[in-house]
Number of protein chains: 2
Amino acid sequence: MTEQAGRRRDAAATQQALLDAAAKLFAERGFDRTTVRDIAGEAGVNQALLFRYFGSKEALFEAVIARDGREQLAGTPPERLFSASLRSMLAPEGPRNRTLETYLRSSGSDGAAAAIRQEIGEEYARVLATLTDAPDAELRADLALAWLMGIALVREVSGKEPLASADPDDICRLVVTATRTLLERTE
Amino acid sequence: MTEQAGRRRDAAATQQALLDAAAKLFAERGFDRTTVRDIAGEAGVNQALLFRYFGSKEALFEAVIARDGREQLAGTPPERLFSASLRSMLAPEGPRNRTLETYLRSSGSDGAAAAIRQEIGEEYARVLATLTDAPDAELRADLALAWLMGIALVREVSGKEPLASADPDDICRLVVTATRTLLERTE
DNA sequence: CTCGGTTGTAAGCAGCTGCTTACAACGCTA
DNA sequence: TAGCGTTGTAAGCAGCTGCTTACAACCGAG
């Protein structure tokens, strides 16, 4: 996790370590339940440096989202965004993108965290809305996004069975089938 | 909100006021973000009484769920539970049952709160699972429950538009239509 | 009236939170 | 090598958290 040997006095590496640690902990616990001491400890860094390099806990949160938030969004064609996001959230391991997980685990936070949450949600919904030509496309997109969030919530946060241990393929099949009535073109 | 005149020294009324205040605040802010001082203040009661009558903040949470949690579950036939819960969460006002709202706003909490969350989820899913005869009925029920939670999350917690201001009837129509492929009998 | 348990109050405890400050160690530049 | 800005450290601040304690006010029973 932390590199004790090798170079010390490396500001860039320290900032990276803080960003990585924060991204992990925010995704796992959300904004409120992650303390600056946790982040500094996970990064193997003195907590005062967090404030030197990022100014505040909220600014660190913004930096994490700015780095990871639009990655999947930009790199996925719209027609695959829904299933790709679903699979990304369901993937048990690997360097998955945990932005949506961060989003839902930080629900209820105020301030800058709330503003950023909203921004992410809007970007996802905007892309999903292009998938249908129904007049209420945005509402349908919100409902699809809501299902994504709900599945992540019940699976990851609540750990409810059988959903928590279900095969991502099975989940994907059921959900994509059901959302056909939501996100489809009539033309 | 609080009755200052009239009887004082009424243990039962004090406990009721604490339960009501706690139910409201837990639904609005979740477990973690609600402080015992908030609850006592909302109830117009000295905070020490909270501990005298309920022992701990977690025990108060359990008491709230025990009082309200199974109300809607017990009073609604299975085939209407999904749309009834959805409508109850979408209802803008009135004495709606806010158990599911409490559930999702308290996500991420540990301890007794987590155990109770799980219990509520299981009861809802068990009932929903009776609606289909598919072999993976429980998984389908979890996915339906997840959609409920996700809609509440995006609508109430994130306040995302257009979902937040959408007509409950429109939402219900779209969601119930989409879940037909999930929760239906083949026989 | 007096007693004694019940109800309500005020103050405070220890622990944690985000954040700040004063200072030491380092290493590049001159 | 001397100086100095950069990087890292340790300690601590004020505010909030759940919870406890010591005590006053009340009221029915004897």
# chains A, B, ... in the order shown; residues from 1 in each chain; ligands from 1
call {"tool": "residues_around", "arguments": {"residues": "DT9 in chain C", "least_positions_apart": "2", "cutoff": "10 Å", "atoms": "only C-alpha atoms (C1' of nucleotides)", "output": "PyMOL selection string"}}
result
(chain B and resi 46-49) or (chain C and resi 7+11) or (chain D and resi 23-25)
call {"tool": "residues_around", "arguments": {"residues": "DC23 in chain C", "least_positions_apart": "5", "cutoff": "12 Å", "atoms": "only C-alpha atoms (C1' of nucleotides)", "output": "MDAnalysis selection string"}}
result
chainID D and resid 8:11
call {"tool": "write_last_selection", "arguments": {"atoms": "N, CA, C and O atoms (P, O5', C5', C4', C3', O3' and C1' of nucleotides)", "output": "compact mmCIF listing (two decimals), in the first residue's frame"}}
result
# COMPACT_ATOMS: atom_id res chain seq x y z
P DG D 8 6.46 15.02 1.44
O5' DG D 8 6.79 15.02 2.99
C5' DG D 8 8.00 14.41 3.45
C4' DG D 8 8.10 14.52 4.96
C3' DG D 8 6.92 13.91 5.73
O3' DG D 8 7.43 13.07 6.76
C1' DG D 8 7.32 16.12 6.46
P DT D 9 6.41 12.23 7.69
O5' DT D 9 6.41 13.09 9.02
C5' DT D 9 7.67 13.40 9.64
C4' DT D 9 7.42 14.13 10.94
C3' DT D 9 6.28 13.54 11.79
O3' DT D 9 6.83 13.15 13.04
C1' DT D 9 6.10 15.92 11.61
P DA D 10 6.03 12.22 14.04
O5' DA D 10 5.60 13.29 15.15
C5' DA D 10 6.58 14.23 15.60
C4' DA D 10 5.90 15.26 16.49
C3' DA D 10 4.84 14.69 17.42
O3' DA D 10 5.06 15.20 18.73
C1' DA D 10 3.94 16.47 16.13
P DA D 11 4.21 14.66 19.98
O5' DA D 11 3.35 15.95 20.36
C5' DA D 11 3.94 17.24 20.27
C4' DA D 11 2.85 18.29 20.16
C3' DA D 11 1.65 18.04 21.07
O3' DA D 11 1.60 19.04 22.07
C1' DA D 11 0.99 18.73 18.86
call {"tool": "residues_around", "arguments": {"residues": "DT6 in chain D", "least_positions_apart": "6", "cutoff": "9 Å", "atoms": "only C-alpha atoms (C1' of nucleotides)", "output": "PDB file with C-alpha atoms (C1' of nucleotides), in the first residue's frame"}}
result
ATOM      1  CA  ARG A   9      10.190  14.228  -0.018  1.00  0.00           C
ATOM      2  CA  ALA A  11       5.200  16.111  -3.289  1.00  0.00           C
TER       3      ALA A  11
ATOM      4  C1'  DC C  26      15.774  17.649   3.718  1.00  0.00           C
ATOM      5  C1'  DG C  27      18.048  18.885  -0.633  1.00  0.00           C
TER       6       DG C  27
END
call {"tool": "closest_atom_pairs", "arguments": {"of": "chain C", "to": "chain A", "cutoff": "10 Å", "atoms": "only C-alpha atoms (C1' of nucleotides)", "output": "CSV"}}
result
residue,atom,partner,partner_atom,distance
C:DC16,C1',A:Thr35,CA,9.7
C:DT17,C1',A:Thr35,CA,7.7
C:DG18,C1',A:Val36,CA,7.5
C:DC19,C1',A:Phe51,CA,7.6
C:DT20,C1',A:Ala48,CA,8.6
C:DA25,C1',A:Arg9,CA,9.9
C:DC26,C1',A:Arg9,CA,7.5
C:DG27,C1',A:Arg9,CA,9.2
call {"tool": "closest_residue", "arguments": {"among": "A:Tyr53, A:Leu90, A:Arg33, A:Ala84", "to": "chain B", "atoms": "only C-alpha atoms"}}
result
A:Arg33
call {"tool": "residues_around", "arguments": {"residues": "Val127 in chain B", "least_positions_apart": "3", "cutoff": "12 Å", "atoms": "only C-alpha atoms (C1' of nucleotides)", "output": "PDB file with N, CA and C atoms, in the first residue's frame"}}
result
ATOM      1  N   ARG B  70     -43.290  -2.338  10.002  1.00  0.00           N
ATOM      2  CA  ARG B  70     -44.095  -3.392   9.424  1.00  0.00           C
ATOM      3  C   ARG B  70     -45.529  -2.966   9.143  1.00  0.00           C
ATOM      4  N   GLN B  72     -46.906  -0.799   6.798  1.00  0.00           N
ATOM      5  CA  GLN B  72     -47.339  -0.899   5.409  1.00  0.00           C
ATOM      6  C   GLN B  72     -47.227  -2.320   4.893  1.00  0.00           C
ATOM      7  N   LEU B  73     -46.177  -2.997   5.385  1.00  0.00           N
ATOM      8  CA  LEU B  73     -45.951  -4.374   4.956  1.00  0.00           C
ATOM      9  C   LEU B  73     -47.140  -5.253   5.331  1.00  0.00           C
ATOM     10  N   ALA B  74     -47.648  -5.060   6.538  1.00  0.00           N
ATOM     11  CA  ALA B  74     -48.740  -5.901   7.024  1.00  0.00           C
ATOM     12  C   ALA B  74     -50.077  -5.501   6.419  1.00  0.00           C
ATOM     13  N   THR B  76     -50.824  -4.309   3.379  1.00  0.00           N
ATOM     14  CA  THR B  76     -50.934  -4.227   1.926  1.00  0.00           C
ATOM     15  C   THR B  76     -50.839  -5.617   1.317  1.00  0.00           C
ATOM     16  N   PRO B  77     -51.800  -5.988   0.462  1.00  0.00           N
ATOM     17  CA  PRO B  77     -51.711  -7.292  -0.210  1.00  0.00           C
ATOM     18  C   PRO B  77     -50.514  -7.301  -1.147  1.00  0.00           C
ATOM     19  N   PRO B  78     -49.855  -8.451  -1.286  1.00  0.00           N
ATOM     20  CA  PRO B  78     -48.610  -8.553  -2.054  1.00  0.00           C
ATOM     21  C   PRO B  78     -48.691  -7.925  -3.435  1.00  0.00           C
ATOM     22  N   GLU B  79     -49.780  -8.187  -4.160  1.00  0.00           N
ATOM     23  CA  GLU B  79     -49.824  -7.712  -5.547  1.00  0.00           C
ATOM     24  C   GLU B  79     -49.890  -6.192  -5.646  1.00  0.00           C
ATOM     25  N   ARG B  80     -50.152  -5.556  -4.523  1.00  0.00           N
ATOM     26  CA  ARG B  80     -50.179  -4.095  -4.557  1.00  0.00           C
ATOM     27  C   ARG B  80     -48.987  -3.489  -3.821  1.00  0.00           C
ATOM     28  N   LEU B  81     -48.146  -4.343  -3.219  1.00  0.00           N
ATOM     29  CA  LEU B  81     -47.065  -3.812  -2.376  1.00  0.00           C
ATOM     30  C   LEU B  81     -46.110  -2.940  -3.168  1.00  0.00           C
ATOM     31  N   PHE B  82     -45.776  -3.394  -4.373  1.00  0.00           N
ATOM     32  CA  PHE B  82     -44.789  -2.644  -5.152  1.00  0.00           C
ATOM     33  C   PHE B  82     -45.292  -1.240  -5.480  1.00  0.00           C
ATOM     34  N   ILE B 120     -35.687  -5.346   7.330  1.00  0.00           N
ATOM     35  CA  ILE B 120     -36.768  -4.716   6.558  1.00  0.00           C
ATOM     36  C   ILE B 120     -36.700  -5.131   5.101  1.00  0.00           C
ATOM     37  N   GLY B 121     -35.493  -5.059   4.541  1.00  0.00           N
ATOM     38  CA  GLY B 121     -35.317  -5.410   3.141  1.00  0.00           C
ATOM     39  C   GLY B 121     -35.756  -6.837   2.873  1.00  0.00           C
ATOM     40  N   GLU B 122     -35.401  -7.730   3.780  1.00  0.00           N
ATOM     41  CA  GLU B 122     -35.754  -9.128   3.570  1.00  0.00           C
ATOM     42  C   GLU B 122     -37.257  -9.332   3.588  1.00  0.00           C
ATOM     43  N   GLU B 123     -37.935  -8.637   4.485  1.00  0.00           N
ATOM     44  CA  GLU B 123     -39.389  -8.806   4.549  1.00  0.00           C
ATOM     45  C   GLU B 123     -40.065  -8.300   3.280  1.00  0.00           C
ATOM     46  N   TYR B 124     -39.633  -7.149   2.809  1.00  0.00           N
ATOM     47  CA  TYR B 124     -40.197  -6.624   1.569  1.00  0.00           C
ATOM     48  C   TYR B 124     -39.943  -7.582   0.412  1.00  0.00           C
ATOM     49  N   THR B 130     -43.292 -13.471  -3.913  1.00  0.00           N
ATOM     50  CA  THR B 130     -44.474 -14.315  -4.109  1.00  0.00           C
ATOM     51  C   THR B 130     -45.222 -13.943  -5.389  1.00  0.00           C
ATOM     52  N   LEU B 131     -44.808 -12.843  -6.008  1.00  0.00           N
ATOM     53  CA  LEU B 131     -45.550 -12.346  -7.170  1.00  0.00           C
ATOM     54  C   LEU B 131     -45.173 -13.047  -8.461  1.00  0.00           C
ATOM     55  N   THR B 132     -44.091 -13.789  -8.436  1.00  0.00           N
ATOM     56  CA  THR B 132     -43.703 -14.485  -9.662  1.00  0.00           C
ATOM     57  C   THR B 132     -43.387 -15.935  -9.342  1.00  0.00           C
ATOM     58  N   ALA B 137     -37.102 -16.221  -8.355  1.00  0.00           N
ATOM     59  CA  ALA B 137     -38.062 -15.239  -7.840  1.00  0.00           C
ATOM     60  C   ALA B 137     -37.424 -14.276  -6.843  1.00  0.00           C
ATOM     61  N   GLU B 138     -36.583 -14.799  -5.969  1.00  0.00           N
ATOM     62  CA  GLU B 138     -35.983 -13.925  -4.957  1.00  0.00           C
ATOM     63  C   GLU B 138     -35.079 -12.872  -5.578  1.00  0.00           C
ATOM     64  N   ARG B 140     -35.365 -11.672  -8.591  1.00  0.00           N
ATOM     65  CA  ARG B 140     -36.248 -10.707  -9.247  1.00  0.00           C
ATOM     66  C   ARG B 140     -36.854  -9.753  -8.220  1.00  0.00           C
ATOM     67  N   ALA B 141     -37.199 -10.284  -7.077  1.00  0.00           N
ATOM     68  CA  ALA B 141     -37.765  -9.429  -6.020  1.00  0.00           C
ATOM     69  C   ALA B 141     -36.734  -8.416  -5.532  1.00  0.00           C
ATOM     70  N   ASP B 142     -35.504  -8.869  -5.383  1.00  0.00           N
ATOM     71  CA  ASP B 142     -34.445  -7.953  -4.958  1.00  0.00           C
ATOM     72  C   ASP B 142     -34.268  -6.827  -5.969  1.00  0.00           C
ATOM     73  N   ALA B 144     -36.511  -5.659  -8.001  1.00  0.00           N
ATOM     74  CA  ALA B 144     -37.655  -4.749  -7.899  1.00  0.00           C
ATOM     75  C   ALA B 144     -37.493  -3.829  -6.694  1.00  0.00           C
ATOM     76  N   LEU B 145     -37.125  -4.416  -5.576  1.00  0.00           N
ATOM     77  CA  LEU B 145     -36.877  -3.603  -4.377  1.00  0.00           C
ATOM     78  C   LEU B 145     -35.773  -2.583  -4.642  1.00  0.00           C
ATOM     79  N   LEU B 183     -41.824  -9.351 -12.588  1.00  0.00           N
ATOM     80  CA  LEU B 183     -42.749  -9.932 -11.609  1.00  0.00           C
ATOM     81  C   LEU B 183     -44.047 -10.326 -12.292  1.00  0.00           C
TER      82      LEU B 183
END
call {"tool": "closest_residue", "arguments": {"among": "B:Ser85, B:Leu128, B:Leu18, B:Arg29", "to": "chain A", "atoms": "only C-alpha atoms"}}
result
B:Arg29
call {"tool": "interface_residues", "arguments": {"of": "chain D", "to": "chain B", "cutoff": "12 Å", "atoms": "only C-alpha atoms (C1' of nucleotides)", "output": "number ranges by chain"}}
result
D: 16-21, 25-27
call {"tool": "atom_distance", "arguments": {"atom1": "CA of Glu101 in chain A", "atom2": "CA of Met149 in chain A"}}
result
8.0 Å
call {"tool": "select_by_dssp", "arguments": {"residues": "range 4-185 of chain A", "states": "helix (DSSP H, G or I)", "output": "VMD selection string"}}
result
chain A and resid 11 to 29 36 to 43 47 to 54 57 to 68 71 to 74 78 to 90 99 to 105 111 to 129 137 to 157 163 to 165 168 to 179
call {"tool": "interface_residues", "arguments": {"of": "chain A", "to": "chain B", "cutoff": "9 Å", "atoms": "only C-alpha atoms", "output": "JSON, numbers by chain"}}
result
{"A": [29, 30, 32, 33, 104, 105, 107, 108, 109, 114, 117, 118, 121, 122, 138, 139, 140, 142, 143, 144, 145, 146, 147, 148, 149, 150, 151, 152, 153, 154, 155, 157, 158, 159, 160, 161, 162, 163, 166, 171, 174, 175, 177, 178, 179, 180, 181, 182]}
call {"tool": "residues_around", "arguments": {"residues": "DC28 in chain C", "least_positions_apart": "6", "cutoff": "12 Å", "atoms": "only C-alpha atoms (C1' of nucleotides)", "output": "JSON, numbers by chain"}}
result
{"D": [3, 4, 5, 6]}
call {"tool": "atom_distance", "arguments": {"atom1": "CA of Ala43 in chain A", "atom2": "CA of Asp20 in chain A"}}
result
7.6 Å
call {"tool": "closest_residue", "arguments": {"among": "B:Leu19, B:Arg185, B:Glu42, B:Ala134", "to": "Glu62 in chain B", "atoms": "only C-alpha atoms"}}
result
B:Leu19
call {"tool": "atom_distance", "arguments": {"atom1": "CA of Phe61 in chain B", "atom2": "CA of Phe31 in chain B"}}
result
7.7 Å
